[in-house]
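Text of the file my_file-v6.txt, holding compact mmCIF, C-alpha atoms:
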```
# COMPACT_ATOMS: atom_id res chain seq x y z
CA MET A 1 103.63 117.44 105.61
CA PRO A 2 104.64 114.85 108.17
CA ILE A 3 106.83 112.13 106.68
CA GLU A 4 107.24 109.06 108.87
CA VAL A 5 109.92 106.49 107.95
CA THR A 6 110.02 103.12 109.73
CA PHE A 7 112.59 100.36 109.34
CA ARG A 8 111.96 96.66 109.94
CA GLY A 9 114.70 94.06 110.03
CA MET A 10 117.47 96.61 109.56
CA GLU A 11 119.17 99.45 111.37
CA PRO A 12 117.78 102.91 110.61
CA SER A 13 119.85 104.81 108.07
CA GLU A 14 119.99 108.59 107.84
CA PHE A 15 120.80 108.29 104.14
CA VAL A 16 117.75 106.13 103.41
CA VAL A 17 115.54 108.48 105.46
CA ALA A 18 116.91 111.44 103.51
CA ARG A 19 116.17 109.72 100.18
CA ALA A 20 112.63 108.81 101.30
CA ARG A 21 112.00 112.41 102.39
CA GLU A 22 113.38 113.69 99.08
CA HIS A 23 111.01 111.44 97.12
CA ALA A 24 108.07 112.44 99.35
CA GLN A 25 108.80 116.14 98.91
CA GLN A 26 108.98 115.76 95.13
CA LEU A 27 105.66 113.92 95.17
CA MET A 28 104.15 116.63 97.38
CA ALA A 29 105.28 119.32 94.96
CA SER A 30 103.32 117.65 92.15
CA ALA A 31 100.34 116.71 94.38
CA PRO A 32 99.83 119.34 97.08
CA THR A 33 96.69 117.60 98.35
CA ILE A 34 98.83 114.98 100.13
CA VAL A 35 98.69 115.67 103.87
CA GLY A 36 100.73 112.76 105.23
CA CYS A 37 103.22 110.11 104.16
CA ARG A 38 104.29 106.93 105.94
CA VAL A 39 107.10 104.79 104.57
CA VAL A 40 107.94 101.30 105.85
CA ILE A 41 111.14 99.71 104.61
CA GLU A 42 111.55 96.04 105.38
CA ALA A 43 114.93 94.41 104.90
CA PRO A 44 115.34 90.89 103.65
CA THR A 45 115.78 88.38 106.44
CA ALA A 46 117.67 85.59 104.71
CA HIS A 47 121.45 85.83 104.45
CA HIS A 48 121.51 89.31 105.95
CA GLY A 49 120.16 90.85 102.78
CA HIS A 50 122.66 89.50 100.27
CA GLY A 51 120.74 89.16 97.05
CA GLN A 52 117.34 89.37 98.75
CA PRO A 53 114.72 91.98 97.74
CA PHE A 54 113.58 94.89 99.92
CA HIS A 55 109.89 95.39 100.66
CA VAL A 56 108.65 99.01 100.66
CA ARG A 57 105.18 100.15 101.72
CA LEU A 58 103.86 103.70 101.32
CA HIS A 59 100.71 105.16 102.81
CA LEU A 60 99.79 108.59 101.47
CA SER A 61 96.98 110.48 103.19
CA ILE A 62 94.85 112.58 100.88
CA PRO A 63 91.60 114.20 102.06
CA GLY A 64 88.82 111.81 101.07
CA ASP A 65 91.19 109.03 99.97
CA ASP A 66 94.32 107.14 100.88
CA VAL A 67 96.87 105.85 98.42
CA ILE A 68 98.64 102.69 99.53
CA VAL A 69 101.57 101.22 97.64
CA ASP A 70 102.85 97.83 98.74
CA ARG A 71 105.91 96.96 96.68
CA ASP A 72 106.88 93.37 97.35
CA PRO A 73 108.37 92.37 94.01
CA GLY A 74 109.20 88.83 95.13
CA ARG A 75 112.23 87.07 93.76
CA GLY A 76 111.75 87.54 90.03
CA PRO A 77 113.38 90.03 87.69
CA ASP A 78 111.44 92.85 89.40
CA ALA A 79 113.09 92.17 92.78
CA HIS A 80 115.04 95.12 94.17
CA THR A 81 118.11 94.13 96.13
CA ASP A 82 119.08 97.81 96.52
CA VAL A 83 117.00 99.78 99.01
CA TYR A 84 117.34 103.00 96.98
CA VAL A 85 115.99 101.32 93.83
CA ALA A 86 113.13 99.83 95.85
CA LEU A 87 112.26 103.29 97.24
CA THR A 88 112.36 104.89 93.81
CA ASP A 89 110.11 102.19 92.37
CA ALA A 90 107.57 102.55 95.20
CA PHE A 91 107.42 106.34 94.88
CA GLN A 92 107.07 106.15 91.08
CA THR A 93 104.12 103.80 91.57
CA ALA A 94 102.65 106.19 94.15
CA TRP A 95 103.03 109.11 91.74
CA ARG A 96 101.13 107.20 89.04
CA ARG A 97 98.33 106.33 91.48
CA VAL A 98 98.05 109.91 92.75
CA GLU A 99 97.89 111.16 89.15
CA GLU A 100 95.17 108.60 88.36
CA LEU A 101 93.19 109.65 91.44
CA GLY A 102 93.46 113.29 90.37
CA ARG A 103 92.20 112.46 86.87
CA LYS A 104 89.24 110.55 88.32
CA ARG A 105 88.36 113.43 90.62
CA ARG A 106 88.53 115.94 87.76
CA GLU A 107 86.30 113.75 85.57
CA GLU A 108 83.76 113.35 88.39
CA SER A 109 83.68 117.09 89.04
CA ARG A 110 83.06 117.78 85.33
CA ARG A 111 80.21 115.26 85.17
CA GLY A 112 78.81 116.12 88.57
CA ALA A 113 78.52 113.89 91.60
CA PRO A 114 77.86 110.21 90.78
CA GLU A 115 74.33 109.04 91.51
CA MET A 116 73.82 106.48 94.23
```

Using structure tokens, write down the structure from this file.
Amino acid sequence: MPIEVTFRGMEPSEFVVARAREHAQQLMASAPTIVGCRVVIEAPTAHHGHGQPFHVRLHLSIPGDDVIVDRDPGRGPDAHTDVYVALTDAFQTAWRRVEELGRKRREESRRGAPEM
């Protein structure tokens, strides 16, 4: 599966790319229908990132659907000032959404195609 990692507002990091690929591969192992993964990591702009949250976006391509996770936790208690924590949070959210999509598909296949 192609895994594309893009950085905005920060220098690319091999360690962050490796962690993103690790998360994507774990997600792929539990959801083999995923055919593509794009990760965008945006660094905080104010004060060179000191105490500012990271913004992580994921776009997972699944035949018939796309799962998009846009984790911008703002400045509250959910803000992630560590890029690794922000990545983990985004991939955990993606995993939950992929699981939910799988459940919906299984329910639809048991009931038959929905009428239009």

Which residues of range 77-102 of chain A sit at most 9 Å from range 9-24 of chain A, using all atoms listed in the file? Give each one's shortest atom pair and distance in Å (one decimal place), in chain and ascending residue order, as a tab-separated table.
```
residue	atom	partner	partner_atom	distance
A:Val83	CA	A:Val16	CA	7.8
A:Tyr84	CA	A:Val16	CA	7.2
A:Leu87	CA	A:Ala20	CA	6.9
A:Thr88	CA	A:His23	CA	7.5
A:Phe91	CA	A:His23	CA	6.6
A:Gln92	CA	A:His23	CA	8.9
```

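Shell of range 3-7 of chain A at 6 Å, with all atoms listed in the file counted and residues fewer than 3 places along the chain excluded, is A:Pro12, A:Cys37, A:Arg38, A:Val39, A:Val40, A:Ile41, A:Glu42.
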
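You will find CA of Asp82 in chain A at 21.6 Å from CA of Arg96 in chain A.
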
Checklist line | Pick from A:Ala86, A:Ala31, A:Pro53, A:Ala43, whichever lies nearest to Gly102 in chain A using all atoms listed in the file | finding: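 Answer, going by the shortest atom-to-atom distance: A:Ala31.
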
Item checked: Counting all atoms listed in the file, the residue of A:His59, A:Thr33, A:Gln25, A:Thr45 that sits nearest Ala94 in chain A ->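 Once distances to Ala94 in chain A are computed over all atoms listed in the file, the minimum belongs to A:His59.
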
Note to self: My list of candidates is A:Arg8, A:Ser109, A:Asp66, A:Ser30. Which is closest to Trp95 in chain A when distances are computed with all atoms listed in the file?
What the structure shows: A:Ser30

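Counting from CA of Leu58 in chain A, the distance to CA of Arg105 in chain A is 21.2 Å.
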
Using 8 Å of padding on each side, determine the axis-aligned box around all atoms of range 18-34 of chain A present in the file and give its centre and edge lengths in Å to one decimal, as AutoDock Vina command-line options.
```
--center_x 106.8 --center_y 114.1 --center_z 97.8 --size_x 36.2 --size_y 26.5 --size_z 27.4
```

Check: Any idea what the distance is between CA of Val35 in chain A and CA of Ile68 in chain A?
Finding: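 So the two atoms, CA of Val35 in chain A and CA of Ile68 in chain A, lie 13.7 Å apart.
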